[in-house]
Amino acid sequence: MDRTRAGVMGDILFLAHRVPFPPDRGDRIRSHNLLKALTQLGPVHVGCFAEGDDRAGEGALAQIAASHCIAPRTKPLPLAGVEAVLAGKPVSLTAFHSRKLERWVHDTIAARSISAIVVFSGQMGQYIPDDYAGRVVIDLCDVDSAKFASYAEAGERVWLNTREARLLAAEEERLGQRADATILISDAEAALYRSRLCEPDRVNVQVIGNGIDAGFFNPAGVTPYPVIAGLPGPHFTFTGQMDYRPNEQAALWVIEALMPNLRARYPGAMFHVVGRNPTGRLMAHHGTLGVQVWGEVPDVRPFLAAADAVLAPLLIARGVQNKVLEAMAMARPVVLTPDAATGIAAEDDKHWLIGEADPAVMCARIEGLLAEPDACARIGAAARQFVRDQHGWEAMMAPLTGLAGIGEGRTRHAA
């Protein structure tokens with residue numbers, strides 16, 4: 001690429017809380033596509049964390065990054081909690097603190113001409129040096145402090161989650177004031193972020209939504225998973241990282257509240273939970289009331305293709321749900337709660353079906369869908385066309401060039 005034409009006068013430092021390879025879960029899909037867009041602007045140096053088998057993506061990272069540093073995330077959460085309380089910091093920050101990564105950031109800035117630092121996820125803002133004079137862009141994605149406040153309001157670890165919400169809100173404001181641009185994943189999330197700021201006029205808030213690879217998530221050529229396709233059904237699928245609390249909560253709600261209603265109406269109804277690390281509470285339901293907990297699978301598309309409908313009854317949701325976009329791209333009708341619909345400008349009864357988290361309401365929406373012979377195909381086709389038109393990754397990331405502003409003067413907190 002002609003870097004002069006692109007306006008790039010220096011390198012980019014990209015910091016992410018997970019290795020952005022492989023793009024196989026919501027946050028990694030976004031960070032992966034953010035990194036790909038940045039590499040079109042100039043050389044990118046990547047600092048990130050790895051836990052478990054995350055280092056499997058290091059080879060792919062090495063091929064795209066000018067240099068990289070992967071810090072192992074091995075600190076137990078209880079230890080991070082103790083350190084956080086003693087230091088008066090959020091647990092989220094102490095859990096992602098690494099002297100190795102700190103040194104690498106310092107050395108990289110000293111050795112390279114870094115024109116911009118792009119941060120993915122609020123936990124990584126702690127690595128921006130106070131004296132760094134280049135441009136700073138922070139992709140918060142969603143408002144983590146609000147998520148922890150929701151947990152506290154629901155009665156979960158009230159003291160700890162209230163503390164985390166308060167301290168993270170202060171960190172989110174600090175980062176917003178430090179950055180030239182602070183990115184949120186949807187208009188709703190951006191409005192929520194602004195509403196929680198003490199000095200919103202000092203923060204330049206921008207929106208970059210989530211995208212979808214509609215070429216990969218394409219029902220053409222995908223064979224429905226044979227085991228599911230061979231059973232009478234109807235079949236309902238839920239996908240996601242199943243040790244993530246909002247996903248576990250939603251799946252348990254379907255199992256415990258919705259499935260009895262569905263089985264009374266459709267005795268052969270089955271609910272398929274697809275995603276890595278299902279919790280013990282979920283596994284306890286495997287094989288009961290038509291519930292199948294599949295765990296991690298090599299390819300989620302056959303499970304989506306086999307579903308009569310994909311369910312996303314999230315009770316706590318932040319940002320844009322990749323699981324919803326993937327199901328829509330696969331031309332599946334999605335039945336979801338208003339929270340799960342946030343940030344996607346689709347229309348009810350045209351691109352999907354929205355129902356409150358009430359078993360009778362959700363069951364009625366599903367019954368109406370299945371009662372109309374061509375409804376699943378009609379809504380699925382409209383859903384796929386919608387994501388192709390509105391949520392391609394290239395279109396989503398197009399504003400990044402202007403926000404990074406590499407080679408341009410600093411325009412901190414522009415309106």
# chains A, B, ... in the order shown; residues from 1 in each chain; ligands from 1
>>> residues_around(residues="A:Ala181", least_positions_apart="6", cutoff="12 Å", atoms="only C-alpha atoms", output="mmCIF file with C-alpha atoms, in the first residue's frame")
data_model
loop_
_atom_site.group_PDB
_atom_site.id
_atom_site.type_symbol
_atom_site.label_atom_id
_atom_site.label_comp_id
_atom_site.auth_asym_id
_atom_site.auth_seq_id
_atom_site.Cartn_x
_atom_site.Cartn_y
_atom_site.Cartn_z
ATOM 1 C CA ALA A 116 -1.586 5.925 17.135
ATOM 2 C CA ILE A 117 -2.501 3.559 19.935
ATOM 3 C CA VAL A 118 -5.744 1.666 19.380
ATOM 4 C CA VAL A 119 -7.121 -0.093 22.442
ATOM 5 C CA ARG A 135 -3.412 9.720 18.825
ATOM 6 C CA VAL A 136 -5.447 7.397 21.053
ATOM 7 C CA VAL A 137 -8.556 5.465 20.005
ATOM 8 C CA ILE A 138 -10.360 3.240 22.516
ATOM 9 C CA ASP A 139 -12.982 0.681 21.509
ATOM 10 C CA LEU A 140 -14.926 0.009 24.701
ATOM 11 C CA LEU A 175 -10.344 6.647 29.241
ATOM 12 C CA ARG A 202 -15.127 16.280 27.091
ATOM 13 C CA VAL A 203 -15.509 12.870 25.457
ATOM 14 C CA ASN A 204 -15.689 12.249 21.706
ATOM 15 C CA VAL A 205 -18.038 9.255 21.430
ATOM 16 C CA GLN A 206 -18.333 7.397 18.122
ATOM 17 C CA VAL A 207 -20.232 4.271 17.041
ATOM 18 C CA ILE A 208 -18.861 1.339 15.044
ATOM 19 C CA PRO A 399 -14.960 5.014 9.790
ATOM 20 C CA LEU A 400 -11.822 3.683 11.481
ATOM 21 C CA THR A 401 -9.475 5.447 9.059
ATOM 22 C CA GLY A 402 -10.806 8.844 10.047
ATOM 23 C CA LEU A 403 -10.917 8.026 13.745
ATOM 24 C CA ALA A 404 -7.326 6.779 13.797
ATOM 25 C CA GLY A 405 -6.362 10.030 12.086
ATOM 26 C CA ARG A 410 -4.527 15.787 16.951
ATOM 27 C CA THR A 411 -8.173 16.747 17.228
ATOM 28 C CA ARG A 412 -8.851 15.731 20.792
ATOM 29 C CA HIS A 413 -12.492 15.797 21.814
ATOM 30 C CA ALA A 414 -13.737 17.172 18.516
ATOM 31 C CA ALA A 415 -17.501 17.493 18.382
#
>>> residues_around(residues="stretch 231-235 of chain A", least_positions_apart="4", cutoff="10 Å", atoms="only C-alpha atoms", output="ChimeraX atom specification")
/A:226-227,262-263,266-272,290,303-304,306-310,370
>>> write_last_selection(atoms="C-alpha atoms", output="CSV table (one decimal), in the first residue's frame")
chain,number,residue,atom,x,y,z
A,226,PRO,CA,-27.4,-35.0,10.6
A,227,VAL,CA,-28.2,-36.1,14.2
A,262,LEU,CA,-43.0,-25.8,24.2
A,263,ARG,CA,-43.0,-29.5,25.0
A,266,TYR,CA,-44.8,-29.9,20.6
A,267,PRO,CA,-43.9,-33.1,22.4
A,268,GLY,CA,-40.9,-33.6,20.1
A,269,ALA,CA,-39.4,-30.2,20.7
A,270,MET,CA,-35.7,-30.1,21.3
A,271,PHE,CA,-33.4,-27.3,22.6
A,272,HIS,CA,-29.7,-27.4,21.5
A,290,GLY,CA,-35.4,-32.6,25.0
A,303,PHE,CA,-26.4,-26.6,14.0
A,304,LEU,CA,-27.9,-23.3,12.9
A,306,ALA,CA,-30.8,-27.6,11.5
A,307,ALA,CA,-32.8,-25.2,13.6
A,308,ASP,CA,-36.4,-24.4,13.0
A,309,ALA,CA,-35.7,-21.2,14.9
A,310,VAL,CA,-32.7,-19.8,16.8
A,370,LEU,CA,-44.4,-22.4,13.1
>>> select_by_dssp(residues="stretch 23-199 of chain A", states="strand (DSSP E or B)", output="JSON, numbers by chain")
{"A": [44, 45, 46, 47, 48, 49, 50, 67, 68, 69, 70, 71, 72, 114, 115, 116, 117, 118, 119, 120, 135, 136, 137, 138, 139, 140, 141, 181, 182, 183, 184]}
>>> residues_around(residues="A:Glu326", least_positions_apart="6", cutoff="10 Å", atoms="only C-alpha atoms", output="PyMOL selection string")
chain A and resi 211-214+216-218+239+300-301+304+332+384+387
>>> residues_around(residues="A:Ala257", least_positions_apart="5", cutoff="9 Å", atoms="only C-alpha atoms", output="PyMOL selection string")
chain A and resi 252+358-359
>>> write_last_selection(atoms="C-alpha atoms", output="PDB file, in the first residue's frame")
ATOM      1  CA  LEU A 252     -31.236 -21.897  31.655  1.00  0.00           C
ATOM      2  CA  ASP A 358     -42.157 -14.342  29.559  1.00  0.00           C
ATOM      3  CA  PRO A 359     -42.693 -18.034  28.745  1.00  0.00           C
TER       4      PRO A 359
END
>>> select_by_dssp(residues="stretch 365-400 of chain A", states="helix (DSSP H, G or I)", output="PyMOL selection string")
chain A and resi 365-371+375-390+393-397+400
>>> closest_residue(among="A:Lys75, A:Thr94, A:Ser31, A:Thr39", to="A:Phe120", atoms="only C-alpha atoms")
A:Ser31
>>> residues_around(residues="stretch 77-80 of chain A", least_positions_apart="2", cutoff="9 Å", atoms="only C-alpha atoms", output="list of chain:residue names")
A:Lys75, A:Val82, A:Glu83, A:Ala84, A:Val85, A:Val91, A:Ser92, A:Leu93, A:Thr94, A:Ala95, A:Phe96
>>> write_last_selection(atoms="C-alpha atoms", output="PDB file, in the first residue's frame")
ATOM      1  CA  LYS A  75      -3.481 -14.793  37.672  1.00  0.00           C
ATOM      2  CA  VAL A  82      -7.489  -9.232  46.637  1.00  0.00           C
ATOM      3  CA  GLU A  83      -5.013  -7.081  44.694  1.00  0.00           C
ATOM      4  CA  ALA A  84      -7.847  -4.925  43.403  1.00  0.00           C
ATOM      5  CA  VAL A  85      -9.283  -4.293  46.874  1.00  0.00           C
ATOM      6  CA  VAL A  91     -10.892  -6.347  39.494  1.00  0.00           C
ATOM      7  CA  SER A  92     -11.103  -6.173  35.702  1.00  0.00           C
ATOM      8  CA  LEU A  93      -7.905  -4.107  35.584  1.00  0.00           C
ATOM      9  CA  THR A  94      -5.833  -6.131  38.045  1.00  0.00           C
ATOM     10  CA  ALA A  95      -6.859  -9.357  36.294  1.00  0.00           C
ATOM     11  CA  PHE A  96      -5.331  -7.975  33.083  1.00  0.00           C
TER      12      PHE A  96
END
>>> residues_around(residues="A:Glu256", least_positions_apart="2", cutoff="12 Å", atoms="only C-alpha atoms", output="PyMOL selection string")
chain A and resi 248-254+258-263+271+281-282+284-285+288-291+358-359
>>> decode(residues="stretch 316-344 of chain A", atoms="N, CA and C atoms", output="compact mmCIF listing (two decimals), in the first residue's frame")
# COMPACT_ATOMS: atom_id res chain seq x y z
N ILE A 316 -29.75 -10.09 30.22
CA ILE A 316 -28.75 -9.04 30.39
C ILE A 316 -27.91 -9.07 29.13
N ALA A 317 -27.89 -7.98 28.38
CA ALA A 317 -27.13 -7.96 27.12
C ALA A 317 -26.49 -6.59 26.95
N ARG A 318 -25.25 -6.61 26.47
CA ARG A 318 -24.54 -5.37 26.18
C ARG A 318 -24.12 -5.40 24.73
N GLY A 319 -24.31 -4.30 24.03
CA GLY A 319 -23.80 -4.19 22.68
C GLY A 319 -24.61 -4.99 21.67
N VAL A 320 -23.93 -5.39 20.60
CA VAL A 320 -24.55 -6.11 19.48
C VAL A 320 -24.20 -7.59 19.59
N GLN A 321 -25.20 -8.44 19.47
CA GLN A 321 -25.00 -9.88 19.65
C GLN A 321 -24.59 -10.54 18.34
N ASN A 322 -23.33 -11.02 18.28
CA ASN A 322 -22.87 -11.73 17.10
C ASN A 322 -23.70 -12.98 16.83
N LYS A 323 -24.13 -13.64 17.89
CA LYS A 323 -24.91 -14.87 17.71
C LYS A 323 -26.17 -14.60 16.91
N VAL A 324 -26.75 -13.41 17.10
CA VAL A 324 -27.96 -13.04 16.37
C VAL A 324 -27.63 -12.78 14.90
N LEU A 325 -26.57 -12.03 14.65
CA LEU A 325 -26.17 -11.74 13.27
C LEU A 325 -25.81 -13.03 12.52
N GLU A 326 -25.12 -13.95 13.18
CA GLU A 326 -24.74 -15.20 12.53
C GLU A 326 -25.97 -16.02 12.14
N ALA A 327 -26.94 -16.09 13.06
CA ALA A 327 -28.16 -16.85 12.75
C ALA A 327 -28.93 -16.19 11.62
N MET A 328 -28.99 -14.87 11.62
CA MET A 328 -29.69 -14.16 10.55
C MET A 328 -28.99 -14.38 9.21
N ALA A 329 -27.66 -14.33 9.21
CA ALA A 329 -26.91 -14.57 7.97
C ALA A 329 -27.15 -15.98 7.45
N MET A 330 -27.40 -16.93 8.35
CA MET A 330 -27.70 -18.30 7.95
C MET A 330 -29.18 -18.49 7.58
N ALA A 331 -29.90 -17.37 7.44
CA ALA A 331 -31.31 -17.38 7.01
C ALA A 331 -32.20 -18.15 7.96
N ARG A 332 -31.88 -18.06 9.25
CA ARG A 332 -32.72 -18.67 10.27
C ARG A 332 -33.58 -17.61 10.94
N PRO A 333 -34.85 -17.90 11.21
CA PRO A 333 -35.66 -16.97 11.99
C PRO A 333 -35.16 -16.94 13.43
N VAL A 334 -34.99 -15.75 13.97
CA VAL A 334 -34.49 -15.59 15.33
C VAL A 334 -35.63 -15.07 16.20
N VAL A 335 -35.82 -15.71 17.33
CA VAL A 335 -36.79 -15.25 18.33
C VAL A 335 -35.97 -14.75 19.51
N LEU A 336 -36.12 -13.48 19.87
CA LEU A 336 -35.21 -12.88 20.84
C LEU A 336 -35.93 -11.87 21.71
N THR A 337 -35.26 -11.53 22.80
CA THR A 337 -35.78 -10.51 23.71
C THR A 337 -35.33 -9.13 23.23
N PRO A 338 -35.98 -8.06 23.72
CA PRO A 338 -35.56 -6.71 23.33
C PRO A 338 -34.09 -6.43 23.63
N ASP A 339 -33.57 -6.93 24.76
CA ASP A 339 -32.16 -6.70 25.09
C ASP A 339 -31.24 -7.29 24.04
N ALA A 340 -31.57 -8.48 23.55
CA ALA A 340 -30.72 -9.13 22.54
C ALA A 340 -30.80 -8.44 21.19
N ALA A 341 -31.84 -7.63 20.97
CA ALA A 341 -32.03 -6.94 19.71
C ALA A 341 -31.31 -5.60 19.64
N THR A 342 -30.74 -5.16 20.76
CA THR A 342 -30.12 -3.84 20.82
C THR A 342 -29.01 -3.70 19.79
N GLY A 343 -29.01 -2.56 19.10
CA GLY A 343 -27.93 -2.24 18.18
C GLY A 343 -28.09 -2.82 16.78
N ILE A 344 -29.16 -3.55 16.54
CA ILE A 344 -29.42 -4.11 15.20
C ILE A 344 -30.76 -3.54 14.74
